[in-house]
Structures are given as C-alpha cells and as structure tokens.
>>> print(open('final20.cif').read())   # mmCIF, C-alpha atoms
data_target
#
loop_
_atom_site.label_atom_id
_atom_site.label_comp_id
_atom_site.auth_asym_id
_atom_site.auth_seq_id
_atom_site.Cartn_x
_atom_site.Cartn_y
_atom_site.Cartn_z
CA MET J 1 25.95 64.86 -77.05
CA HIS J 2 24.45 66.67 -80.04
CA ASP J 3 20.77 65.88 -80.63
CA CYS J 4 19.70 66.67 -84.18
CA ARG J 5 16.02 66.70 -83.24
CA LYS J 6 16.52 69.35 -80.62
CA THR J 7 18.81 71.35 -82.86
CA ARG J 8 16.44 71.31 -85.81
CA GLY J 9 13.64 72.49 -83.56
CA ALA J 10 15.76 75.58 -82.89
CA LEU J 11 16.73 76.17 -86.54
CA VAL J 12 13.61 78.20 -87.25
CA ASP J 13 14.30 80.39 -84.21
CA LEU J 14 17.88 80.76 -85.41
CA ALA J 15 16.79 81.67 -88.94
CA PHE J 16 14.35 84.27 -87.56
CA ASN J 17 16.94 85.62 -85.10
CA GLU J 18 14.83 84.71 -82.08
CA VAL J 19 17.68 83.29 -79.99
CA SER J 20 20.08 84.99 -77.63
CA PRO J 21 23.61 85.73 -78.91
CA GLU J 22 25.12 82.97 -76.77
CA ARG J 23 22.61 80.37 -77.93
CA LYS J 24 23.10 81.51 -81.52
CA LEU J 25 26.83 80.90 -81.27
CA SER J 26 26.44 77.42 -79.77
CA LEU J 27 23.85 76.48 -82.37
CA LEU J 28 26.06 77.60 -85.24
CA VAL J 29 28.92 75.50 -83.86
CA GLU J 30 26.66 72.44 -83.64
CA ILE J 31 25.33 73.00 -87.12
CA GLU J 32 28.79 73.34 -88.60
CA ASP J 33 29.80 69.99 -87.17
CA CYS J 34 26.62 68.14 -88.18
CA ALA J 35 26.07 67.65 -91.90
CA ALA J 36 22.39 66.88 -91.57
CA CYS J 37 21.63 69.90 -89.41
CA SER J 38 23.79 72.07 -91.61
CA SER J 39 21.88 70.95 -94.69
CA GLN J 40 18.56 71.63 -92.99
CA TYR J 41 19.64 75.10 -91.97
CA GLN J 42 20.91 75.83 -95.47
CA GLU J 43 17.58 74.85 -96.99
CA LEU J 44 15.81 77.10 -94.56
CA ARG J 45 18.03 80.03 -95.43
CA GLU J 46 17.53 79.42 -99.16
CA ALA J 47 13.76 79.40 -98.81
CA LEU J 48 13.80 82.69 -96.92
CA PHE J 49 16.26 84.16 -99.39
CA ALA J 50 14.01 83.22 -102.30
CA VAL J 51 11.09 85.02 -100.65
CA ASP J 52 13.25 88.11 -100.17
CA GLU J 53 14.48 88.05 -103.75
CA ALA J 54 10.95 87.73 -105.11
CA ALA J 55 9.79 90.60 -102.89
CA GLU J 56 12.60 92.81 -104.22
CA ARG J 57 11.74 92.05 -107.85
CA ALA J 58 7.96 92.33 -107.51
CA HIS J 59 7.95 96.11 -107.22
CA PRO J 60 5.96 98.19 -109.68
CA GLY J 61 7.55 101.03 -111.62
CA GLU J 62 7.32 104.75 -110.88
CA ALA J 63 4.47 105.28 -113.33
CA TYR J 64 2.36 102.92 -111.27
CA TRP J 65 3.04 104.83 -108.05
CA GLN J 66 2.04 108.17 -109.58
CA ALA J 67 -1.35 106.73 -110.49
CA TYR J 68 -1.56 105.01 -107.10
CA ASP J 69 -0.91 108.28 -105.25
CA ALA J 70 -3.47 110.15 -107.35
CA ALA J 71 -6.12 107.48 -106.72
CA LEU J 72 -5.36 107.46 -103.00
CA LEU J 73 -5.57 111.26 -102.73
CA ASN J 74 -8.91 111.20 -104.52
CA ARG J 75 -10.27 108.62 -102.07
CA LEU J 76 -8.97 110.63 -99.12
CA ARG J 77 -10.66 113.79 -100.39
CA LEU J 78 -13.95 111.95 -100.84
CA ALA J 79 -13.66 110.55 -97.32
CA HIS J 80 -12.92 114.04 -95.98
CA ALA J 81 -15.97 115.52 -97.75
CA GLU J 82 -18.16 112.72 -96.45
CA GLN J 83 -16.81 113.24 -92.95
CA GLN J 84 -17.62 116.96 -93.07
CA ARG J 85 -21.13 116.26 -94.36
CA VAL J 86 -21.77 113.79 -91.56
CA GLU J 87 -20.47 116.22 -88.94
CA ARG J 88 -22.78 118.98 -90.16
CA HIS J 89 -25.86 116.77 -89.99
CA SER J 90 -25.04 115.18 -86.70
CA LEU J 91 -24.92 118.33 -84.56
CA TRP J 92 -28.31 117.64 -83.10
CA LYS J 93 -27.23 114.05 -82.41
CA GLN J 94 -24.17 115.39 -80.63
CA PHE J 95 -26.40 117.65 -78.60
CA PHE J 96 -28.49 114.78 -77.31
CA ALA J 97 -25.50 112.52 -76.91
CA ALA J 98 -23.40 115.17 -75.19
CA ARG J 99 -21.85 114.12 -71.98
CA LEU J 100 -21.12 116.70 -69.36
CA ARG J 101 -18.41 115.67 -67.00
CA VAL J 102 -19.44 116.85 -63.57
CA PRO J 103 -17.78 115.85 -60.31
CA VAL J 104 -19.85 113.49 -58.19
CA PRO J 105 -20.42 115.96 -55.28
CA VAL J 106 -21.62 118.62 -57.71
CA ALA J 107 -23.91 116.15 -59.43
CA ALA J 108 -25.30 115.04 -56.06
CA LEU J 109 -25.90 118.68 -55.05
CA ILE J 110 -27.73 119.38 -58.31
CA VAL J 111 -29.94 116.32 -57.83
CA LEU J 112 -30.66 117.34 -54.24
CA LEU J 113 -31.62 120.86 -55.30
CA LEU J 114 -33.96 119.45 -57.93
CA ILE J 115 -35.66 117.21 -55.37
CA VAL J 116 -36.03 120.05 -52.86
CA SER J 117 -37.43 122.48 -55.42
CA THR J 118 -39.89 119.85 -56.70
CA THR J 119 -41.05 119.10 -53.16
CA LEU J 120 -41.44 122.78 -52.33
CA SER J 121 -43.41 123.49 -55.49
CA MET J 122 -45.75 120.58 -54.74
CA ARG J 123 -46.29 121.83 -51.19
CA THR J 124 -47.01 125.35 -52.43
CA ARG J 125 -49.58 124.00 -54.85
CA ASP J 126 -51.34 122.02 -52.11
CA SER J 127 -51.42 125.00 -49.72
CA GLY J 128 -52.80 127.14 -52.48
CA LYS J 129 -55.69 124.75 -52.98
CA ALA J 130 -56.45 124.72 -49.23
CA THR J 131 -56.46 128.52 -49.14
CA LEU J 132 -58.97 128.63 -51.91
CA ALA J 133 -61.22 126.12 -50.21
CA SER J 134 -61.26 127.98 -46.84
CA HIS J 135 -62.40 131.30 -48.26
CA ALA J 136 -65.93 131.95 -49.44
CA PRO J 137 -66.24 132.42 -53.08
CA ALA J 138 -66.67 135.95 -54.29
CA PRO J 139 -70.26 136.76 -55.09
CA ALA J 140 -70.99 136.21 -58.72
CA VAL J 141 -72.74 138.92 -60.56
CA VAL J 142 -75.82 137.56 -62.16
CA GLU J 143 -77.29 139.48 -64.95
CA VAL J 144 -80.60 138.47 -66.41
CA ARG J 145 -81.25 139.26 -69.95
CA GLU J 146 -84.37 138.50 -71.91
CA ILE J 147 -83.71 136.95 -75.21
CA PRO J 148 -86.73 136.82 -77.50
CA VAL J 149 -87.48 133.33 -78.53
CA VAL J 150 -89.34 132.85 -81.74
CA HIS J 151 -92.11 130.37 -81.37
CA GLU J 152 -93.26 128.75 -84.50
CA LYS J 153 -96.28 126.62 -84.70
CA ILE J 154 -96.12 123.99 -87.32
CA VAL J 155 -99.34 122.27 -88.10
CA THR J 156 -99.25 119.09 -89.98
CA ARG J 157 -102.34 118.36 -91.84
CA ILE J 158 -102.75 115.31 -93.90
CA VAL J 159 -105.59 115.52 -96.29
CA TYR J 160 -106.99 112.33 -97.54
CA VAL J 161 -108.61 112.37 -100.88
CA GLU J 162 -111.43 110.05 -101.58
CA LYS J 163 -110.14 107.18 -103.65
CA LYS J 164 -111.98 106.95 -106.89
CA GLY J 165 -113.20 103.62 -108.26
CA ARG J 166 -112.40 102.17 -111.61
CA ARG J 167 -115.28 103.93 -113.20
CA GLY J 168 -114.39 107.19 -111.53
CA ARG J 169 -117.08 106.85 -108.90
CA ALA J 170 -116.28 107.08 -105.23
CA LEU J 171 -116.13 103.78 -103.41
CA PRO J 172 -118.87 103.16 -100.86
CA GLU J 173 -118.01 103.70 -97.27
CA GLN J 174 -116.88 100.49 -95.59
CA PRO J 175 -119.05 99.34 -92.71
CA THR J 176 -117.42 99.84 -89.38
CA VAL J 177 -119.38 97.12 -87.57
CA GLY J 178 -117.13 94.81 -85.69
CA ARG J 179 -114.17 97.14 -85.75
CA ALA J 180 -112.82 98.62 -82.63
CA SER J 181 -113.68 102.25 -82.32
CA LYS J 182 -110.79 104.54 -82.42
CA PRO J 183 -110.51 107.20 -79.81
CA GLU J 184 -111.18 110.68 -80.92
CA LEU J 185 -108.15 112.40 -82.35
CA VAL J 186 -107.29 115.36 -80.31
CA ALA J 187 -105.00 118.15 -81.38
CA ARG J 188 -103.11 119.44 -78.46
CA GLU J 189 -100.69 122.33 -78.14
CA GLU J 190 -98.94 123.58 -75.14
CA GLY J 191 -100.85 126.02 -73.10
CA GLU J 192 -103.94 125.90 -75.29
CA ALA J 193 -107.33 124.27 -74.83
CA THR J 194 -107.81 121.00 -76.60
CA THR J 195 -109.81 121.05 -79.76
CA PRO J 196 -111.66 117.83 -80.49
CA LEU J 197 -111.69 116.63 -84.11
CA THR J 198 -114.47 114.60 -85.70
CA ARG J 199 -113.75 111.04 -86.26
CA THR J 200 -113.30 110.37 -89.88
CA GLY J 201 -113.23 107.02 -91.60
CA LEU J 202 -110.15 106.77 -93.70
CA ALA J 203 -111.19 103.87 -95.80
CA GLY J 204 -111.30 104.79 -99.40
CA PHE J 205 -109.10 107.78 -98.78
CA GLN J 206 -105.44 108.23 -99.80
CA PRO J 207 -102.93 110.93 -98.97
CA ALA J 208 -102.98 113.83 -101.33
CA ASP J 209 -100.14 114.21 -103.75
CA ASP J 210 -99.81 117.92 -103.19
CA VAL J 211 -99.34 119.20 -99.64
CA LYS J 212 -99.20 122.87 -99.03
CA LEU J 213 -97.27 123.75 -95.90
CA THR J 214 -98.18 126.78 -93.93
CA ILE J 215 -95.93 127.94 -91.10
CA ILE J 216 -97.87 129.92 -88.55
CA LYS J 217 -95.70 132.16 -86.40
CA ALA J 218 -97.01 133.25 -83.05
CA ARG J 219 -97.31 136.95 -82.70
CA GLU J 220 -94.80 138.62 -80.42
CA ASP J 221 -97.46 140.62 -78.49
CA LYS J 222 -98.98 137.40 -77.20
CA LYS J 223 -95.76 136.47 -75.40
CA ARG J 224 -94.97 139.82 -73.79
CA MET Q 1 9.48 110.20 -86.23
CA THR Q 2 10.98 113.22 -87.92
CA ASP Q 3 9.74 116.75 -87.41
CA SER Q 4 8.32 116.82 -90.90
CA GLU Q 5 6.45 113.59 -90.20
CA ASN Q 6 5.13 115.03 -86.93
CA GLU Q 7 3.94 118.10 -88.79
CA LEU Q 8 2.22 115.98 -91.44
CA ILE Q 9 0.54 113.92 -88.71
CA ARG Q 10 -0.64 117.08 -86.97
CA ARG Q 11 -2.09 118.45 -90.22
CA ALA Q 12 -3.66 115.11 -91.07
CA GLN Q 13 -5.35 115.03 -87.66
CA THR Q 14 -7.03 118.34 -88.50
CA GLY Q 15 -8.52 116.60 -91.54
CA ASP Q 16 -6.04 117.60 -94.25
CA PRO Q 17 -6.14 114.85 -96.91
CA GLU Q 18 -3.11 116.22 -98.80
CA ALA Q 19 -0.98 116.03 -95.67
CA PHE Q 20 -2.04 112.45 -95.08
CA SER Q 21 -1.28 111.58 -98.68
CA LEU Q 22 2.26 112.91 -98.26
CA LEU Q 23 2.58 110.95 -95.03
CA ALA Q 24 1.42 107.79 -96.80
CA ARG Q 25 4.16 108.06 -99.43
CA ASN Q 26 6.76 107.18 -96.77
CA TYR Q 27 5.24 103.75 -96.18
CA GLU Q 28 2.97 102.93 -99.12
CA ARG Q 29 5.45 100.68 -100.94
CA ARG Q 30 6.07 98.63 -97.82
CA ILE Q 31 2.33 98.21 -97.20
CA TYR Q 32 1.75 97.36 -100.86
CA SER Q 33 4.50 94.74 -100.86
CA LEU Q 34 2.99 93.01 -97.84
CA ALA Q 35 -0.47 93.17 -99.38
CA LEU Q 36 0.91 91.75 -102.63
CA HIS Q 37 2.51 88.75 -100.90
CA TYR Q 38 -0.58 88.24 -98.79
CA THR Q 39 -3.19 88.39 -101.56
CA ARG Q 40 -0.87 87.15 -104.38
CA ASP Q 41 -2.87 89.34 -106.75
CA ALA Q 42 -1.81 92.83 -107.88
CA ALA Q 43 -5.32 94.26 -108.15
CA ASP Q 44 -6.35 92.92 -104.75
CA ALA Q 45 -3.11 94.20 -103.27
CA GLU Q 46 -3.83 97.69 -104.56
CA ASP Q 47 -7.38 97.67 -103.18
CA LEU Q 48 -6.31 96.22 -99.85
CA SER Q 49 -3.43 98.64 -99.37
CA GLN Q 50 -5.61 101.64 -100.20
CA ASP Q 51 -8.24 100.37 -97.76
CA VAL Q 52 -5.54 100.31 -95.11
CA TRP Q 53 -4.72 103.96 -95.83
CA LEU Q 54 -8.36 104.97 -95.82
CA LYS Q 55 -8.92 103.33 -92.43
CA ALA Q 56 -5.77 104.96 -91.10
CA TYR Q 57 -6.97 108.37 -92.32
CA LYS Q 58 -10.33 107.96 -90.60
CA ALA Q 59 -8.61 106.87 -87.38
CA ILE Q 60 -5.68 109.32 -87.46
CA HIS Q 61 -7.28 111.37 -84.68
CA THR Q 62 -6.73 108.39 -82.33
CA PHE Q 63 -2.95 108.40 -82.84
CA ARG Q 64 -1.41 109.68 -79.61
CA GLY Q 65 2.29 109.40 -80.49
CA GLU Q 66 2.98 106.82 -77.77
CA ALA Q 67 4.49 104.49 -80.38
CA SER Q 68 5.86 105.23 -83.83
CA PHE Q 69 3.44 106.05 -86.61
CA TYR Q 70 4.33 102.88 -88.51
CA THR Q 71 3.73 100.68 -85.44
CA TRP Q 72 0.27 102.25 -85.11
CA LEU Q 73 -0.32 101.86 -88.83
CA ARG Q 74 0.82 98.24 -88.83
CA GLN Q 75 -1.91 97.21 -86.38
CA ILE Q 76 -4.50 98.77 -88.70
CA MET Q 77 -2.89 96.88 -91.57
CA ILE Q 78 -3.02 93.53 -89.71
CA ASN Q 79 -6.69 94.01 -88.83
CA SER Q 80 -7.46 94.95 -92.44
CA PHE Q 81 -5.65 91.86 -93.75
CA ILE Q 82 -7.51 89.59 -91.34
CA ASN Q 83 -10.85 91.16 -92.31
CA TYR Q 84 -9.93 90.78 -95.96
CA ARG Q 85 -9.36 87.11 -95.36
CA ARG Q 86 -12.84 86.82 -93.83
CA ALA Q 87 -14.40 88.69 -96.74
CA THR Q 88 -12.69 86.48 -99.33
CA ARG Q 89 -14.09 83.37 -97.66
CA LEU Q 90 -17.50 84.44 -98.93
CA ARG Q 91 -16.12 84.43 -102.44
CA PHE Q 92 -14.58 80.99 -101.96
CA TRP Q 93 -16.46 79.31 -104.75
CA GLU Q 94 -15.57 82.02 -107.22
CA ARG Q 95 -11.89 81.87 -106.35
CA LYS Q 96 -11.91 78.08 -106.48
CA GLN Q 97 -12.43 78.35 -110.21
CA THR Q 98 -9.27 80.40 -110.60
CA SER Q 99 -6.25 78.12 -110.40
CA ALA Q 100 -3.13 79.19 -108.59
CA GLU Q 101 -1.22 79.31 -111.87
CA GLU Q 102 -3.69 81.74 -113.46
CA SER Q 103 -3.55 84.19 -110.58
CA ILE Q 104 0.23 84.04 -110.51
CA GLU Q 105 0.45 84.63 -114.25
CA HIS Q 106 -1.69 87.73 -113.74
CA LEU Q 107 0.74 88.84 -111.07
CA ALA Q 108 3.94 88.05 -112.90
CA PHE Q 109 2.92 89.48 -116.23
CA SER Q 110 0.95 92.44 -115.00
CA GLU Q 111 1.83 95.80 -116.47
CA GLU Q 112 2.61 97.22 -113.05
CA LEU Q 113 5.39 94.72 -112.41
CA SER Q 114 6.82 94.84 -115.91
CA GLY Q 115 7.60 98.51 -115.38
CA ALA Q 116 10.26 97.61 -112.82
CA THR Q 117 12.00 95.23 -115.18
CA ALA Q 118 12.18 97.52 -118.20
CA SER Q 119 15.93 98.08 -117.81
CA LEU Q 120 16.82 94.39 -117.42
CA SER Q 121 17.75 91.87 -120.06
CA LEU Q 122 15.25 89.35 -121.33
CA GLU Q 123 17.02 86.62 -119.41
CA ASP Q 124 16.80 88.55 -116.14
CA VAL Q 125 13.18 89.41 -116.77
CA THR Q 126 12.37 85.75 -117.37
CA HIS Q 127 14.31 84.72 -114.30
CA ASN Q 128 12.47 87.28 -112.19
CA LYS Q 129 9.11 86.14 -113.46
CA ILE Q 130 9.89 82.51 -112.74
CA LEU Q 131 11.15 83.37 -109.26
CA ILE Q 132 8.09 85.48 -108.44
CA GLU Q 133 5.79 82.76 -109.78
CA LYS Q 134 7.50 80.11 -107.72
CA VAL Q 135 7.45 82.13 -104.48
CA MET Q 136 3.84 83.20 -104.90
CA GLN Q 137 2.85 79.62 -105.59
CA ALA Q 138 4.73 78.50 -102.48
CA LEU Q 139 3.01 81.19 -100.39
CA GLY Q 140 -0.29 79.91 -101.73
CA GLU Q 141 0.41 76.56 -100.04
CA LEU Q 142 0.19 78.29 -96.67
CA SER Q 143 -3.04 79.11 -94.92
CA ALA Q 144 -3.94 82.82 -94.73
CA GLN Q 145 -2.97 83.00 -91.07
CA GLN Q 146 0.36 81.19 -91.65
CA ARG Q 147 1.10 83.47 -94.58
CA LEU Q 148 0.40 86.64 -92.62
CA MET Q 149 2.38 85.45 -89.60
CA PHE Q 150 5.29 84.50 -91.84
CA LEU Q 151 5.26 87.89 -93.58
CA LEU Q 152 5.07 89.75 -90.29
CA LYS Q 153 7.97 87.70 -88.90
CA HIS Q 154 10.25 87.57 -91.91
CA ARG Q 155 9.45 90.79 -93.80
CA GLU Q 156 8.49 93.03 -90.89
CA GLY Q 157 10.85 91.60 -88.26
CA MET Q 158 8.17 91.42 -85.56
CA THR Q 159 8.94 89.24 -82.55
CA TYR Q 160 6.90 86.20 -81.55
CA GLU Q 161 5.35 88.20 -78.71
CA GLU Q 162 4.37 91.11 -80.96
CA ILE Q 163 2.75 88.78 -83.48
CA ALA Q 164 0.93 86.92 -80.69
CA ARG Q 165 -0.37 90.23 -79.32
CA ALA Q 166 -1.53 91.36 -82.77
CA PHE Q 167 -3.40 88.09 -83.36
CA GLY Q 168 -4.61 87.67 -79.82
CA CYS Q 169 -2.99 84.26 -79.40
CA SER Q 170 -0.09 82.70 -77.51
CA THR Q 171 3.56 82.76 -78.59
CA GLY Q 172 3.46 78.97 -78.76
CA THR Q 173 0.76 79.18 -81.42
CA VAL Q 174 2.85 81.66 -83.37
CA LYS Q 175 5.97 79.45 -83.20
CA LYS Q 176 4.05 76.37 -84.29
CA SER Q 177 2.42 78.26 -87.15
CA LEU Q 178 5.75 79.63 -88.33
CA PHE Q 179 7.42 76.23 -88.08
CA ARG Q 180 4.76 74.70 -90.31
CA ALA Q 181 4.85 77.65 -92.69
CA VAL Q 182 8.58 77.38 -93.19
CA ALA Q 183 8.37 73.59 -93.68
CA LYS Q 184 5.71 74.07 -96.37
CA LEU Q 185 7.77 76.78 -98.06
CA ARG Q 186 10.84 74.55 -98.15
CA THR Q 187 8.82 71.78 -99.78
CA ALA Q 188 7.03 74.07 -102.23
CA LEU Q 189 10.20 75.87 -103.28
CA GLY Q 190 11.95 72.56 -103.82
CA VAL Q 191 14.82 73.22 -101.46
CA GLU Q 192 14.12 70.21 -99.25
CA THR Q 193 16.80 67.71 -100.15
CA ALA Q 194 18.28 66.53 -96.86
CA SER Q 195 17.19 63.45 -94.99
CA THR Q 196 14.77 63.87 -92.12
CA THR Q 197 16.09 60.95 -90.12
CA TYR Q 198 17.58 62.04 -86.84
CA THR Q 199 20.90 60.52 -85.82
CA ALA Q 200 22.78 61.11 -82.65
CA CYS Q 201 26.24 62.39 -83.39
CA ALA Q 202 29.17 63.88 -81.58
CA ALA Q 203 28.92 67.31 -83.21
CA GLY Q 204 29.67 70.12 -80.83
CA GLU Q 205 31.37 67.95 -78.26
CA ASN Q 206 34.94 68.57 -77.26
CA PHE Q 207 37.08 65.46 -77.29
#
>>> encode(input="final20.cif", output="structure tokens")
Amino acid sequence: MHDCRKTRGALVDLAFNEVSPERKLSLLVEIEDCAACSSQYQELREALFAVDEAAERAHPGEAYWQAYDAALLNRLRLAHAEQQRVERHSLWKQFFAARLRVPVPVAALIVLLLIVSTTLSMRTRDSGKATLASHAPAPAVVEVREIPVVHEKIVTRIVYVEKKGRRGRALPEQPTVGRASKPELVAREEGEATTPLTRTGLAGFQPADDVKLTIIKAREDKKR
Amino acid sequence: MTDSENELIRRAQTGDPEAFSLLARNYERRIYSLALHYTRDAADAEDLSQDVWLKAYKAIHTFRGEASFYTWLRQIMINSFINYRRATRLRFWERKQTSAEESIEHLAFSEELSGATASLSLEDVTHNKILIEKVMQALGELSAQQRLMFLLKHREGMTYEEIARAFGCSTGTVKKSLFRAVAKLRTALGVETASTTYTACAAGENF
C-alpha cells in the first residue's frame, strides 16, 4: 500500500537525483498515481527550476568580466610581489628552520661520534693538567731593576695670628690654670730624629688667611 | 584536465600570475554565481570570489593533480564561504539595518546585471528582475549553512557524502538540512499549494 509520508520523504532525494535508477522508477510510478504526492513533487521541481532560472539571468555582461579579470590580475601580481619579498627576507629563517632528513642509523652514528669526541677531548684536557702538575715549573728569570722613587716631604705649617681686640690691641693671654696640659707636639718623619716643638697657647690666635706652601724635595744623593 | 590547463597549472605553480589569471577564466563565472547566490549581494560576491582566487593562487603549489583542478578549487571555495559567514557575523548589527528588500534591489538593479539584459525587451527585463528578487529573497530565508549546502547540492551536483565531507558532518545532517531548505524555498517562492495531510491510498498497487 502506498504511504504518502514515506514517499514524500523520498521526494527530495528524487528531486536531487540521489536515488538508484530502480527506486527512481518505482517512486515516479507512485507519484503519478497519487495526486497529493504528485502535487508535492511538482512544487519541489518548480522551486528548483525558479532557482535555476534566476541563476541563469543573474549573470553580468562582458564589460563587467573584463574589469573583473583586470582587477584579479592586479591582485595576483601584488600577491606575487609580496611573496617574493617575503622569500628574500626569510632566508635566514629558512636556515634555522631547515630540516635535514637523515636516516636513523646515520643520525645515531653522528650522535655517538659527537659523544666519543667530547669524552676524548675532556680526557685529554684532564691528562694535560696532571702532566703540568707533575713537572717542576721552569725557573723564572728574576731581574731586579732599581726605579728611582721621588720622595717629597710636605710640611704643613699652620700659622696662627694673634687675634686683635676691638681696639686693635692684642687680647691678653688666657690663664691656663685648671686646664689639662696638652702633650708636647712632636713632629715626626720616617727615619729622622724627633724634633720637639714648644707648646704654644692658641687662645687668641686664628689661622692665617694666606698660607704659603713650600714643597721640599729630598735630594737624590741622600738616598743613594 | 586538458593539456593547456595542465600547462597553465604548471606555470602558475612556478609563481606566474598571468598563467593563473588565464586558468581562473575557465571557472570564474561559476565561482561568482555561487558567491552571488550565497551572499545575495553583487559587491560582496565580487570580493568573495576574488578572495577565493587569491587563496587558490597562494596554495597552488599544494595541488598534486590527484583530483581535478576544480574539485581542489571547490574545497578552497567552501572554506572561504564558511569563513565569510563567520566574518559577517561580526557585522550583524550593521547588516540588520539593511532590509532584505534593499539588498535585493541593489542586486537586481546593479549595473553589472543590467549589462546581461541589454538585448531583452522591457517586459523580459522586468520579469527577470522580479524573478531574481524573489529567488534571492527566498534564499535569504535559509540559514547560511542551509543556503551553502543547497547551492552545493543543486548547483554543483555534489553528493550527500561529498557535502558531508566538506562540512565535516554526517550525511544525515546534510539530508535534514537540505530537506528543511527545500521546504523553506517552496514556502518563500509561493509554490506550496498542496495539502500536507497524509492519506493512505492505493497508488502504485496492482489490482
């Protein structure tokens, strides 16, 4: 018995030619004898026909295609130029990204050789160090040279000037009773006898504004 | 593939843009027609079809000749159409402002299409415009995936299995999608007049 539901489910397959020739024949016979199915199939065919007709009529003219081809060729040329520019600048990238296809046994042999050579070079370095340690160092030639050294004696002398009073008279010396006595100032230089200096009260004295520096150089004959 | 086409492919693989341009002329109208029915906009169809050619040019070195050039090109075209669909989703709010009628008017009355109708009478030109408008509007009722599957099935003649492989889905999904697409087209084109009630009858039985 004909079942419209089953038949209509196959109408789309029939319209799109997705059924076997035998099934197509049986379906067409069923459709012809069933008004409802026939109407459905007709509607389907009309819809597809309308799409085909519209597609046939929606074609641009030749003038359009000339401009289309020119625009496409221009884009292709730009893409080609860009491709060439990228290839030129990416050579170094290709170098680092290069893959060398080597058979596995060859790769294993290369790795083994690298390990052996590294091990041997490390052993050679260690034996070299041991050889150096076992031998006595070669006698170093020592050469003594006298380099004259210039000795300069710099004497710092601070001269205190008596502070004058408001009336231009020197202030009286301050009594030193009750103050702790200061040890004698001693000038000392290397290798020379000490020269004692007299103790001088500094009250009422101020450093001089002008200081004349005198650099005394030791004579060379003293040192030889 | 003809010898001349093989020669053009060989030259294109060495990076010759002129050779590829000549190769494209064999199939550009077919690609454009599919793009036009998919996008329903002449300007978008031009951009999309040229993008397909550009991608094919950049990938021409991968063509091994195991299948025909157009079969290889068609896969690039399908991927480009699907990616175009994803890109247009981002412009959804802009496109929402443009009604279906406005975009179809742009298509039907565009200068490019009027060139093909220059030799026809005014009546034929009007009929063509109405037909194109109606079909494009009907195609707009389909989802992007339904539309593309329908075009690949009906205009390209691909089988359910080939479409399923191209989309990465099952043949059942393709059949269901096509069934719904055709039902929507019948309704949109106004050809649905028969009753949908199913009645058991004796059609096909031998008495």
>>> atom_distance(input="final20.cif", atom1="atom CA of Ser33 of chain Q", atom2="atom CA of Val51 of chain J")
11.7 Å
>>> closest_residue(input="final20.cif", among="J:Ala71, J:Pro105, J:Gln83, J:Ala58", to="Val125 of chain Q", atoms="all atoms listed in the file")
J:Ala58
>>> closest_residue(input="final20.cif", among="Q:Glu66, Q:Glu18, Q:Glu7, Q:Asp44", to="chain J", atoms="all atoms listed in the file")
Q:Glu18
>>> resolve_selection(input="final20.cif", expression="the PyMOL selection byres ((chain J) within 9 of (chain Q))", output="PyMOL selection string")
chain J and resi 1-5+9+12-13+16+18+26-27+29-34+36-37+39-40+42-44+46-48+50-65+68-69+71-77+79-80+83
>>> residues_around(input="final20.cif", residues="Ser80 of chain Q", least_positions_apart="4", cutoff="8 Å", atoms="all atoms listed in the file", output="MDAnalysis selection string")
chainID Q and resid 48 51:52 76 84
>>> atom_distance(input="final20.cif", atom1="atom CA of Ala164 of chain Q", atom2="atom CA of Thr71 of chain Q")
14.8 Å
>>> build_atoms(input="final20.cif", residues="segment 42-53 of chain Q", atoms="N, CA and C atoms", output="PDB file, in the coordinates of the input")
ATOM      1  N   ALA Q  42      -2.180  91.408-107.857  1.00  0.00           N
ATOM      2  CA  ALA Q  42      -1.810  92.830-107.880  1.00  0.00           C
ATOM      3  C   ALA Q  42      -3.011  93.744-107.669  1.00  0.00           C
ATOM      4  N   ALA Q  43      -4.130  93.413-108.286  1.00  0.00           N
ATOM      5  CA  ALA Q  43      -5.320  94.260-108.150  1.00  0.00           C
ATOM      6  C   ALA Q  43      -5.849  94.222-106.717  1.00  0.00           C
ATOM      7  N   ASP Q  44      -5.890  93.035-106.138  1.00  0.00           N
ATOM      8  CA  ASP Q  44      -6.350  92.920-104.750  1.00  0.00           C
ATOM      9  C   ASP Q  44      -5.393  93.627-103.799  1.00  0.00           C
ATOM     10  N   ALA Q  45      -4.102  93.538-104.110  1.00  0.00           N
ATOM     11  CA  ALA Q  45      -3.110  94.200-103.270  1.00  0.00           C
ATOM     12  C   ALA Q  45      -3.300  95.717-103.297  1.00  0.00           C
ATOM     13  N   GLU Q  46      -3.601  96.244-104.461  1.00  0.00           N
ATOM     14  CA  GLU Q  46      -3.830  97.690-104.560  1.00  0.00           C
ATOM     15  C   GLU Q  46      -5.055  98.103-103.756  1.00  0.00           C
ATOM     16  N   ASP Q  47      -6.150  97.357-103.922  1.00  0.00           N
ATOM     17  CA  ASP Q  47      -7.380  97.670-103.180  1.00  0.00           C
ATOM     18  C   ASP Q  47      -7.159  97.548-101.676  1.00  0.00           C
ATOM     19  N   LEU Q  48      -6.507  96.471-101.286  1.00  0.00           N
ATOM     20  CA  LEU Q  48      -6.310  96.220 -99.850  1.00  0.00           C
ATOM     21  C   LEU Q  48      -5.411  97.281 -99.229  1.00  0.00           C
ATOM     22  N   SER Q  49      -4.345  97.641 -99.921  1.00  0.00           N
ATOM     23  CA  SER Q  49      -3.430  98.640 -99.370  1.00  0.00           C
ATOM     24  C   SER Q  49      -4.109 100.014 -99.274  1.00  0.00           C
ATOM     25  N   GLN Q  50      -4.918 100.349-100.271  1.00  0.00           N
ATOM     26  CA  GLN Q  50      -5.610 101.640-100.200  1.00  0.00           C
ATOM     27  C   GLN Q  50      -6.685 101.635 -99.114  1.00  0.00           C
ATOM     28  N   ASP Q  51      -7.300 100.484 -98.875  1.00  0.00           N
ATOM     29  CA  ASP Q  51      -8.240 100.370 -97.760  1.00  0.00           C
ATOM     30  C   ASP Q  51      -7.545 100.614 -96.436  1.00  0.00           C
ATOM     31  N   VAL Q  52      -6.319 100.107 -96.332  1.00  0.00           N
ATOM     32  CA  VAL Q  52      -5.540 100.310 -95.110  1.00  0.00           C
ATOM     33  C   VAL Q  52      -5.312 101.807 -94.892  1.00  0.00           C
ATOM     34  N   TRP Q  53      -4.971 102.519 -95.956  1.00  0.00           N
ATOM     35  CA  TRP Q  53      -4.720 103.960 -95.830  1.00  0.00           C
ATOM     36  C   TRP Q  53      -6.000 104.725 -95.501  1.00  0.00           C
TER      37      TRP Q  53
END
